[in-house]
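Quick look at my_file-v7.txt (compact mmCIF, C-alpha atoms and all ligand atoms):
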```
# COMPACT_ATOMS: atom_id res chain seq x y z
CA ALA G 1 9.91 -25.21 -9.11
CA PRO G 2 10.62 -21.98 -11.00
CA ASP G 3 7.77 -19.53 -10.52
CA LEU G 4 7.03 -18.51 -14.12
CA TRP G 5 5.03 -15.49 -12.98
CA GLY G 6 7.11 -14.48 -9.98
CA PRO G 7 8.69 -11.04 -9.41
CA ASP G 8 11.95 -12.10 -11.14
CA GLN G 9 10.04 -12.76 -14.37
CA TRP G 10 7.91 -9.58 -14.46
CA HIS G 11 10.52 -7.68 -16.51
CA LYS G 12 9.86 -9.99 -19.50
CA ASN G 13 6.43 -8.40 -19.99
CA TYR G 14 7.14 -5.15 -18.09
CA PRO G 15 10.76 -4.08 -18.73
CA ILE G 16 10.29 -1.18 -16.25
CA ALA G 17 10.35 -3.83 -13.49
CA LYS G 18 14.14 -3.60 -13.85
CA GLY G 19 14.01 0.22 -13.78
CA HIS G 20 15.92 2.49 -11.40
CA HIS G 21 12.89 3.75 -9.47
CA GLN G 22 11.27 0.49 -8.39
CA SER G 23 9.46 -0.31 -5.13
CA PRO G 24 9.55 -1.52 -2.44
CA ILE G 25 13.01 -0.71 -1.05
CA GLU G 26 14.97 -1.13 2.17
CA ILE G 27 14.82 1.99 4.36
CA ASN G 28 18.01 2.19 6.45
CA ASN G 29 18.60 5.00 8.97
CA LYS G 30 22.21 5.42 7.81
CA GLU G 31 21.11 6.25 4.25
CA VAL G 32 18.08 8.44 5.09
CA HIS G 33 18.32 12.26 4.80
CA TYR G 34 16.38 14.36 7.34
CA ASP G 35 14.62 17.11 5.33
CA ARG G 36 13.39 19.87 7.64
CA SER G 37 11.55 21.52 4.75
CA LEU G 38 9.16 18.53 4.52
CA LEU G 39 5.61 19.58 5.52
CA PRO G 40 3.17 17.48 7.57
CA TRP G 41 0.68 15.51 5.49
CA PHE G 42 -3.10 15.66 6.01
CA ALA G 43 -5.88 13.28 5.02
CA SER G 44 -9.39 14.67 4.64
CA TYR G 45 -11.52 11.62 3.93
CA ASP G 46 -15.31 11.53 3.54
CA PRO G 47 -16.63 8.24 5.07
CA GLY G 48 -19.46 8.40 2.54
CA ALA G 49 -16.93 7.87 -0.29
CA ALA G 50 -16.33 4.23 0.74
CA LYS G 51 -18.10 1.89 -1.69
CA THR G 52 -17.15 -1.80 -1.69
CA ILE G 53 -14.62 -4.34 -0.39
CA LEU G 54 -13.28 -6.86 -2.86
CA ASN G 55 -11.03 -9.91 -3.15
CA ASN G 56 -9.31 -9.59 -6.54
CA GLY G 57 -7.28 -12.75 -6.06
CA LYS G 58 -4.19 -10.68 -5.22
CA THR G 59 -5.29 -8.69 -2.16
CA CYS G 60 -8.21 -7.41 -0.11
CA ARG G 61 -9.16 -4.00 -1.53
CA VAL G 62 -11.60 -1.27 -0.46
CA VAL G 63 -12.59 1.12 -3.25
CA PHE G 64 -13.77 4.70 -2.87
CA ASP G 65 -15.70 7.21 -5.02
CA ASP G 66 -12.94 9.26 -6.70
CA SER G 67 -15.20 11.12 -9.18
CA PHE G 68 -14.34 14.43 -7.44
CA ASP G 69 -12.07 15.76 -4.64
CA ARG G 70 -14.12 13.97 -2.00
CA SER G 71 -11.44 12.12 -0.01
CA VAL G 72 -8.01 13.66 -0.43
CA LEU G 73 -4.44 13.48 0.81
CA ARG G 74 -2.33 16.67 0.77
CA GLY G 75 0.79 18.29 2.25
CA GLY G 76 3.92 16.29 3.02
CA PRO G 77 5.98 16.01 -0.18
CA LEU G 78 2.89 16.46 -2.38
CA PRO G 79 2.44 19.48 -4.70
CA GLY G 80 -1.36 19.50 -4.26
CA VAL G 81 -4.33 17.31 -3.33
CA TYR G 82 -4.45 13.66 -4.41
CA ARG G 83 -7.73 11.71 -4.55
CA LEU G 84 -8.15 8.50 -2.53
CA ARG G 85 -9.05 5.68 -4.95
CA GLN G 86 -8.51 2.47 -3.00
CA LEU G 87 -6.74 0.81 -0.12
CA HIS G 88 -5.35 -2.73 0.01
CA PHE G 89 -3.03 -4.92 2.05
CA HIS G 90 0.13 -7.03 1.68
CA TRP G 91 0.83 -9.85 4.11
CA GLY G 92 2.90 -13.02 4.60
CA SER G 93 2.29 -16.69 5.38
CA SER G 94 3.31 -16.08 9.02
CA ASP G 95 3.60 -13.10 11.38
CA ASP G 96 7.39 -12.72 10.92
CA HIS G 97 7.15 -11.30 7.38
CA GLY G 98 4.70 -9.82 4.88
CA SER G 99 5.50 -6.11 4.53
CA GLU G 100 6.90 -4.79 1.26
CA HIS G 101 9.17 -2.07 2.63
CA VAL G 102 11.81 -3.22 5.14
CA VAL G 103 13.08 -0.79 7.83
CA ASN G 104 16.61 -1.32 9.18
CA GLY G 105 16.27 -5.00 8.36
CA VAL G 106 12.86 -5.28 10.05
CA ARG G 107 10.07 -6.98 8.10
CA TYR G 108 6.60 -6.32 9.49
CA ALA G 109 3.68 -8.78 9.34
CA GLY G 110 1.94 -6.67 6.72
CA GLU G 111 1.60 -3.33 4.98
CA LEU G 112 -1.48 -1.21 4.23
CA HIS G 113 -1.42 0.89 1.04
CA LEU G 114 -3.77 3.84 0.57
CA LEU G 115 -3.54 4.75 -3.10
CA HIS G 116 -4.31 8.30 -4.29
CA TRP G 117 -4.07 9.92 -7.76
CA ASN G 118 -3.26 13.45 -8.92
CA PRO G 119 -6.44 15.10 -10.27
CA LYS G 120 -4.37 17.45 -12.45
CA TYR G 121 -4.50 14.47 -14.86
CA SER G 122 -7.78 13.67 -16.56
CA ASN G 123 -8.17 10.25 -14.95
CA TYR G 124 -6.45 7.56 -12.90
CA LEU G 125 -5.07 5.65 -15.90
CA ASP G 126 -3.49 8.86 -17.21
CA ALA G 127 -2.03 9.53 -13.75
CA VAL G 128 -0.30 6.11 -13.58
CA ARG G 129 1.78 7.16 -16.62
CA ARG G 130 3.16 10.26 -14.83
CA THR G 131 6.01 10.47 -12.31
CA ASP G 132 3.83 12.68 -10.06
CA GLY G 133 0.64 10.79 -10.84
CA ILE G 134 0.18 8.65 -7.73
CA ALA G 135 0.74 9.02 -3.98
CA VAL G 136 0.67 5.95 -1.73
CA LEU G 137 0.44 6.26 2.05
CA ALA G 138 2.02 3.05 3.40
CA ILE G 139 1.44 1.90 6.98
CA PHE G 140 3.10 -1.17 8.54
CA LEU G 141 1.05 -3.77 10.41
CA GLN G 142 2.79 -4.96 13.59
CA VAL G 143 1.51 -7.97 15.57
CA ARG G 144 1.01 -7.44 19.31
CA ARG G 145 -1.41 -8.92 21.83
CA THR G 146 -3.48 -5.72 22.07
CA PRO G 147 -4.91 -5.12 18.58
CA LYS G 148 -6.34 -1.87 17.35
CA PRO G 149 -10.17 -2.14 17.37
CA GLU G 150 -10.42 -0.02 14.19
CA MET G 151 -9.10 -2.90 12.03
CA LYS G 152 -12.13 -5.00 13.06
CA ARG G 153 -14.55 -3.49 10.53
CA ILE G 154 -12.39 -4.51 7.53
CA LEU G 155 -11.61 -7.97 8.92
CA GLU G 156 -15.25 -8.71 9.73
CA GLU G 157 -16.02 -8.39 6.02
CA ILE G 158 -13.40 -11.00 5.07
CA ASN G 159 -15.95 -13.85 5.41
CA ALA G 160 -18.05 -12.19 2.69
CA ILE G 161 -15.16 -12.01 0.18
CA LYS G 162 -13.39 -15.33 0.75
CA THR G 163 -12.73 -16.13 -2.92
CA LYS G 164 -11.44 -14.23 -5.94
CA GLY G 165 -14.04 -11.97 -7.53
CA LYS G 166 -16.19 -11.69 -4.40
CA GLU G 167 -17.26 -8.16 -3.56
CA ALA G 168 -19.40 -6.76 -0.75
CA PRO G 169 -20.80 -3.30 0.06
CA PHE G 170 -18.52 -1.38 2.40
CA PRO G 171 -20.29 1.91 3.21
CA ASN G 172 -19.44 4.63 5.73
CA PHE G 173 -15.77 3.97 6.32
CA ASP G 174 -13.10 6.60 7.04
CA PRO G 175 -9.67 4.95 6.63
CA SER G 176 -8.01 7.66 8.74
CA ILE G 177 -9.31 5.84 11.85
CA LEU G 178 -6.56 3.30 11.07
CA PHE G 179 -3.75 5.87 11.25
CA PRO G 180 -1.16 5.61 14.05
CA LYS G 181 -0.61 8.52 16.49
CA SER G 182 2.57 9.82 14.87
CA HIS G 183 2.52 11.20 11.31
CA ASP G 184 6.34 10.89 11.01
CA TYR G 185 7.22 9.53 7.57
CA TRP G 186 9.88 8.67 5.02
CA THR G 187 9.32 9.66 1.39
CA TYR G 188 10.95 8.65 -1.89
CA HIS G 189 10.02 8.22 -5.55
CA GLY G 190 9.11 4.72 -6.65
CA SER G 191 6.73 2.40 -8.42
CA PHE G 192 3.76 0.08 -8.26
CA THR G 193 4.87 -3.08 -6.46
CA THR G 194 3.07 -5.32 -8.94
CA PRO G 195 2.96 -5.27 -12.75
CA PRO G 196 2.88 -2.97 -14.67
CA CYS G 197 5.40 -1.57 -12.09
CA GLU G 198 4.91 1.98 -13.39
CA GLU G 199 7.34 4.49 -11.77
CA CYS G 200 4.56 6.92 -10.87
CA ILE G 201 4.47 6.85 -7.09
CA THR G 202 5.42 9.39 -4.44
CA TRP G 203 5.70 7.07 -1.44
CA ILE G 204 4.84 8.30 2.06
CA VAL G 205 5.86 5.47 4.44
CA LEU G 206 4.81 6.00 8.08
CA ARG G 207 7.39 5.27 10.72
CA GLU G 208 4.81 4.15 13.35
CA PRO G 209 3.04 0.84 12.59
CA ILE G 210 -0.57 0.06 13.41
CA ILE G 211 -1.03 -2.75 15.89
CA VAL G 212 -2.96 -5.85 14.84
CA SER G 213 -3.39 -9.22 16.52
CA SER G 214 -2.11 -12.54 15.25
CA ASP G 215 -5.76 -13.60 14.81
CA GLN G 216 -6.37 -10.53 12.62
CA MET G 217 -3.41 -11.47 10.41
CA ALA G 218 -4.77 -15.04 10.27
CA LYS G 219 -8.06 -13.55 9.07
CA LEU G 220 -6.28 -11.94 6.09
CA ARG G 221 -4.54 -15.28 5.40
CA SER G 222 -7.96 -16.99 5.33
CA LEU G 223 -8.62 -15.30 1.98
CA SER G 224 -8.26 -17.48 -1.12
CA LYS G 225 -6.71 -16.47 -4.45
CA ASN G 226 -8.92 -18.98 -6.33
CA ALA G 227 -12.49 -18.41 -7.47
CA GLU G 228 -15.37 -20.12 -5.61
CA ASN G 229 -15.57 -23.30 -7.69
CA GLU G 230 -11.78 -23.85 -7.96
CA PRO G 231 -9.37 -25.77 -5.70
CA GLU G 232 -8.45 -23.75 -2.61
CA LEU G 233 -5.23 -21.69 -2.92
CA PRO G 234 -4.46 -19.57 0.16
CA LEU G 235 -3.92 -15.87 -0.59
CA VAL G 236 -0.63 -15.29 1.27
CA ASP G 237 2.78 -13.74 0.55
CA ASN G 238 1.43 -11.10 -1.86
CA TRP G 239 4.49 -8.86 -1.26
CA ARG G 240 7.29 -7.96 -3.65
CA PRO G 241 10.91 -8.36 -2.49
CA THR G 242 12.86 -5.10 -1.99
CA GLN G 243 14.39 -3.57 -5.13
CA PRO G 244 17.72 -1.73 -5.64
CA ARG G 245 17.61 1.88 -4.36
CA HIS G 246 20.09 3.05 -7.07
CA TYR G 247 20.66 6.81 -6.76
CA ARG G 248 17.46 7.63 -4.94
CA MET G 249 17.37 9.73 -1.77
CA VAL G 250 15.02 8.64 0.98
CA SER G 251 13.97 11.71 2.97
CA ALA G 252 12.69 11.68 6.54
CA SER G 253 10.22 14.17 8.00
CA PHE G 254 11.73 13.54 11.47
CA LEU G 255 15.13 13.65 13.13
C1 LIG G 301 -2.12 -0.10 -13.09
O1 LIG G 301 -2.97 -0.24 -12.01
C2 LIG G 301 -2.52 -0.92 -10.90
C3 LIG G 301 -1.44 -1.79 -10.90
C4 LIG G 301 -1.11 -2.46 -9.70
C5 LIG G 301 -1.85 -2.24 -8.56
C6 LIG G 301 -1.56 -2.94 -7.27
C7 LIG G 301 -0.18 -2.69 -6.75
S1 LIG G 301 0.30 -1.02 -6.80
C8 LIG G 301 0.68 -0.95 -5.15
S2 LIG G 301 1.31 0.42 -4.44
N1 LIG G 301 0.43 -2.08 -4.50
C9 LIG G 301 -0.06 -3.05 -5.29
O2 LIG G 301 -0.38 -4.15 -4.86
C10 LIG G 301 -2.85 -1.35 -8.59
O3 LIG G 301 -3.46 -1.15 -7.42
C11 LIG G 301 -4.29 -0.02 -7.46
C12 LIG G 301 -3.21 -0.70 -9.74
ZN ZN G 302 0.21 -2.33 -2.51
```

Please, can you express the file's structure as structure tokens?
Amino acid sequence: APDLWGPDQWHKNYPIAKGHHQSPIEINNKEVHYDRSLLPWFASYDPGAAKTILNNGKTCRVVFDDSFDRSVLRGGPLPGVYRLRQLHFHWGSSDDHGSEHVVNGVRYAGELHLLHWNPKYSNYLDAVRRTDGIAVLAIFLQVRRTPKPEMKRILEEINAIKTKGKEAPFPNFDPSILFPKSHDYWTYHGSFTTPPCEECITWIVLREPIIVSSDQMAKLRSLSKNAENEPELPLVDNWRPTQPRHYRMVSASFL
């Protein structure tokens, strides 16, 4: 049956969905340009900024206090500091797919997005209307038998936010504990991967995935997109297919 609200229909309400700077994209080694002028990126996150974890029917999201430069991302391709506002995940209906970006044809089981906004703009909603308004640090989730213990904290909360609209306190959490060893990254200019698909994002996609277990991915898939008193609809496959790269350069911070 035609999905009336699927990614191919978004352009009807959000014409920019057919723009030339859309995300996600395929990242292929042959088309990537090594840029030795790219700086390392740094995250300085305050664990006290973490507030709540929420199921919004589309993903599992952790929100942070972004009322001042409390948890920031800087360096890399960024002109200044960007404030951490929230993190969320994308995943599939099985371990062989679920990421939004695809690297040399490889789909990962999932993708973590840490979303930051440029405080040179008065607020987040102003920033989403600017090409340099948002920075997203994207980290792939790869399934192996030896999962990273740091993912446990988030996944333990899943039982408390099973259905759409459920929210639970999520204090004292520093997302940088999830980061892989290597800070190598690709960067390009793109968009939100869901409506309104604004082309406001400087993407920083890490080359090294974080390791999760199949059970941990199953935990994410145990979330429901329906509200508590509605028929159960599993929250899976909340990823957008890759979009045309057009004339965009994807730069690499590594050779
Ligand atoms: C206009 O405000 C928006 C729009 C869409 C999303 C979610 C998208 S954007 C992304 S990157 N990955 C996603 O799933 C927002 O998330 C903060 C905020
Ligand atoms: Zn996302």

- Within 8 Å of Glu31 in chain G, counting only C-alpha atoms, which residues qualify if same-chain residues fewer than 4 places away don't, as a PyMOL selection string? chain G and resi 27+249-250

- Message: Residues near range 35-43 of chain G, anyone? I mean within 7 Å using all atoms listed in the file, not counting same-chain ones fewer than 3 positions away, as a PyMOL selection string.
- Response: chain G and resi 72-77+251-253

- Which residue out of G:Val136, G:Ile177, G:Leu84, G:Ala168 has the minimum interatomic distance to Gly190 in chain G when all atoms listed in the file are used?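 Nearest candidate to Gly190 in chain G out of G:Val136, G:Ile177, G:Leu84, G:Ala168: G:Val136.
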
- Message: At a cut-off of 7 Å around ligand ZN 302 (chain G), and using only C-alpha atoms and all ligand atoms, what residues come up? Please write them as a list in words.
- Response: His88, Phe89, His90, His113 and Thr193 of chain G

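Pairwise distance (atom C12 of ligand LIG 301 (chain G), CA of Thr131 in chain G) equals 14.7 Å.
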
- Message: Every residue with an atom at most 10 Å from (-9.7, -0.1, 15.3) (file coordinates; only C-alpha atoms) is what I'm after, so could you write them as a ChimeraX atom specification?
- Response: /G:147-154,177-179,210-212

- CA of Leu235 in chain G and CA of Lys58 in chain G, how far apart in Å? 7.0 Å

- Let me have all residues with an atom within 9 Å of ligand LIG 301 (chain G), counting all atoms listed in the file, laid out as a PyMOL selection string. chain G and resi 23-24+58-59+61+85-90+112-116+124-125+128-129+134-138+191-198+201+203+238-240

- Protein and nucleic acid residues near (-15.1, 12.2, -8.8) (cut-off 10 Å, all atoms listed in the file) as a list in words: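 Checked against the point, the hits come out as Ala49, Phe64, Asp65, Asp66, Ser67, Phe68, Asp69, Arg70, Ser71, Arg83, Arg85, Pro119 and Asn123 of chain G.
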
- What is the distance, in Å and to one decimal place, between CA of Gln243 in chain G and CA of Ser93 in chain G? 20.7 Å

- Which residues come within 9 Å of Pro169 in chain G, counting all atoms listed in the file, excluding same-chain residues fewer than 5 positions away, as a list of chain:residue names? G:Ala50, G:Lys51, G:Thr52, G:Ile53, G:Leu54

Near Gly133 in chain G, counting only C-alpha atoms, which residues have an atom at most 6 Å away, once you skip same-chain residues fewer than 2 positions from it, shown as a tab-separated table (two decimals) with C-alpha atoms, keeping the file's coordinate frame?
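Written output follows (selection-v2.tsv):
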```
chain	number	residue	atom	x	y	z
G	117	TRP	CA	-4.07	9.92	-7.76
G	118	ASN	CA	-3.26	13.45	-8.92
G	127	ALA	CA	-2.03	9.53	-13.75
G	128	VAL	CA	-0.30	6.11	-13.58
G	130	ARG	CA	3.16	10.26	-14.83
G	131	THR	CA	6.01	10.47	-12.31
G	200	CYS	CA	4.56	6.92	-10.87
```

Taking all listed atoms of range 165-180 of chain G, build the axis-aligned box, pad each of the six sides by 5 Å, then write its centre and edge lengths in Å to one decimal as lines of an AutoDock Vina configuration file.
```
center_x = -11.0
center_y = -2.2
center_z = 3.3
size_x = 29.6
size_y = 29.6
size_z = 31.6
```

- Message: Which residues are near Lys164 in chain G? Cut-off 7 Å, all atoms listed in the file, ignore same chain within fewer than 6 positions. Put them as a PyMOL selection string.
- Response: chain G and resi 55-57+224-227

- Message: Here is a test: counting all atoms listed in the file, which residue of G:Thr146, G:Pro79, G:Pro175, G:Tyr108 is nearest to Val63 in chain G?
- Response: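 Smallest distance to Val63 in chain G is found for G:Pro175.
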
Dump of range 27-47 of chain G from preceding block, N, CA and C atoms, as a PDB file, in the first residue's frame:
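Resulting contents of part33.pdb:
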```pdb
ATOM      1  N   ILE G  27      28.155   7.911   1.662  1.00  0.00           N
ATOM      2  CA  ILE G  27      29.531   8.405   1.769  1.00  0.00           C
ATOM      3  C   ILE G  27      30.410   7.330   1.139  1.00  0.00           C
ATOM      4  N   ASN G  28      30.996   7.655  -0.016  1.00  0.00           N
ATOM      5  CA  ASN G  28      31.840   6.677  -0.735  1.00  0.00           C
ATOM      6  C   ASN G  28      33.277   7.186  -0.789  1.00  0.00           C
ATOM      7  N   ASN G  29      34.211   6.322  -0.392  1.00  0.00           N
ATOM      8  CA  ASN G  29      35.636   6.721  -0.341  1.00  0.00           C
ATOM      9  C   ASN G  29      36.099   7.404  -1.617  1.00  0.00           C
ATOM     10  N   LYS G  30      35.620   6.894  -2.767  1.00  0.00           N
ATOM     11  CA  LYS G  30      36.115   7.433  -4.062  1.00  0.00           C
ATOM     12  C   LYS G  30      35.720   8.899  -4.248  1.00  0.00           C
ATOM     13  N   GLU G  31      34.627   9.321  -3.584  1.00  0.00           N
ATOM     14  CA  GLU G  31      34.135  10.691  -3.826  1.00  0.00           C
ATOM     15  C   GLU G  31      34.498  11.641  -2.679  1.00  0.00           C
ATOM     16  N   VAL G  32      35.185  11.113  -1.640  1.00  0.00           N
ATOM     17  CA  VAL G  32      35.479  11.931  -0.462  1.00  0.00           C
ATOM     18  C   VAL G  32      36.787  12.684  -0.684  1.00  0.00           C
ATOM     19  N   HIS G  33      36.893  13.905  -0.152  1.00  0.00           N
ATOM     20  CA  HIS G  33      38.100  14.730  -0.338  1.00  0.00           C
ATOM     21  C   HIS G  33      38.786  14.905   1.004  1.00  0.00           C
ATOM     22  N   TYR G  34      39.993  14.402   1.165  1.00  0.00           N
ATOM     23  CA  TYR G  34      40.750  14.567   2.408  1.00  0.00           C
ATOM     24  C   TYR G  34      41.099  16.052   2.549  1.00  0.00           C
ATOM     25  N   ASP G  35      40.713  16.671   3.660  1.00  0.00           N
ATOM     26  CA  ASP G  35      40.975  18.095   3.886  1.00  0.00           C
ATOM     27  C   ASP G  35      41.884  18.234   5.101  1.00  0.00           C
ATOM     28  N   ARG G  36      43.195  18.459   4.844  1.00  0.00           N
ATOM     29  CA  ARG G  36      44.147  18.467   5.969  1.00  0.00           C
ATOM     30  C   ARG G  36      44.008  19.729   6.812  1.00  0.00           C
ATOM     31  N   SER G  37      43.172  20.676   6.353  1.00  0.00           N
ATOM     32  CA  SER G  37      42.993  21.885   7.171  1.00  0.00           C
ATOM     33  C   SER G  37      41.883  21.675   8.212  1.00  0.00           C
ATOM     34  N   LEU G  38      41.185  20.519   8.120  1.00  0.00           N
ATOM     35  CA  LEU G  38      40.087  20.271   9.071  1.00  0.00           C
ATOM     36  C   LEU G  38      40.658  20.073  10.481  1.00  0.00           C
ATOM     37  N   LEU G  39      40.099  20.767  11.459  1.00  0.00           N
ATOM     38  CA  LEU G  39      40.575  20.673  12.852  1.00  0.00           C
ATOM     39  C   LEU G  39      39.888  19.508  13.558  1.00  0.00           C
ATOM     40  N   PRO G  40      40.479  19.040  14.678  1.00  0.00           N
ATOM     41  CA  PRO G  40      39.763  18.041  15.492  1.00  0.00           C
ATOM     42  C   PRO G  40      38.554  18.709  16.147  1.00  0.00           C
ATOM     43  N   TRP G  41      37.541  17.926  16.432  1.00  0.00           N
ATOM     44  CA  TRP G  41      36.362  18.469  17.132  1.00  0.00           C
ATOM     45  C   TRP G  41      36.463  18.091  18.620  1.00  0.00           C
ATOM     46  N   PHE G  42      35.837  18.879  19.458  1.00  0.00           N
ATOM     47  CA  PHE G  42      35.839  18.630  20.904  1.00  0.00           C
ATOM     48  C   PHE G  42      34.435  18.795  21.461  1.00  0.00           C
ATOM     49  N   ALA G  43      34.056  17.873  22.345  1.00  0.00           N
ATOM     50  CA  ALA G  43      32.773  18.023  23.054  1.00  0.00           C
ATOM     51  C   ALA G  43      33.095  18.296  24.512  1.00  0.00           C
ATOM     52  N   SER G  44      32.494  19.372  25.043  1.00  0.00           N
ATOM     53  CA  SER G  44      32.630  19.654  26.482  1.00  0.00           C
ATOM     54  C   SER G  44      31.220  19.651  27.060  1.00  0.00           C
ATOM     55  N   TYR G  45      30.816  18.484  27.558  1.00  0.00           N
ATOM     56  CA  TYR G  45      29.439  18.315  28.005  1.00  0.00           C
ATOM     57  C   TYR G  45      29.377  18.300  29.533  1.00  0.00           C
ATOM     58  N   ASP G  46      28.368  18.981  30.096  1.00  0.00           N
ATOM     59  CA  ASP G  46      28.147  18.956  31.540  1.00  0.00           C
ATOM     60  C   ASP G  46      27.090  17.890  31.839  1.00  0.00           C
ATOM     61  N   PRO G  47      27.420  16.818  32.571  1.00  0.00           N
ATOM     62  CA  PRO G  47      26.436  15.756  32.838  1.00  0.00           C
ATOM     63  C   PRO G  47      25.166  16.298  33.491  1.00  0.00           C
TER      64      PRO G  47
END
```
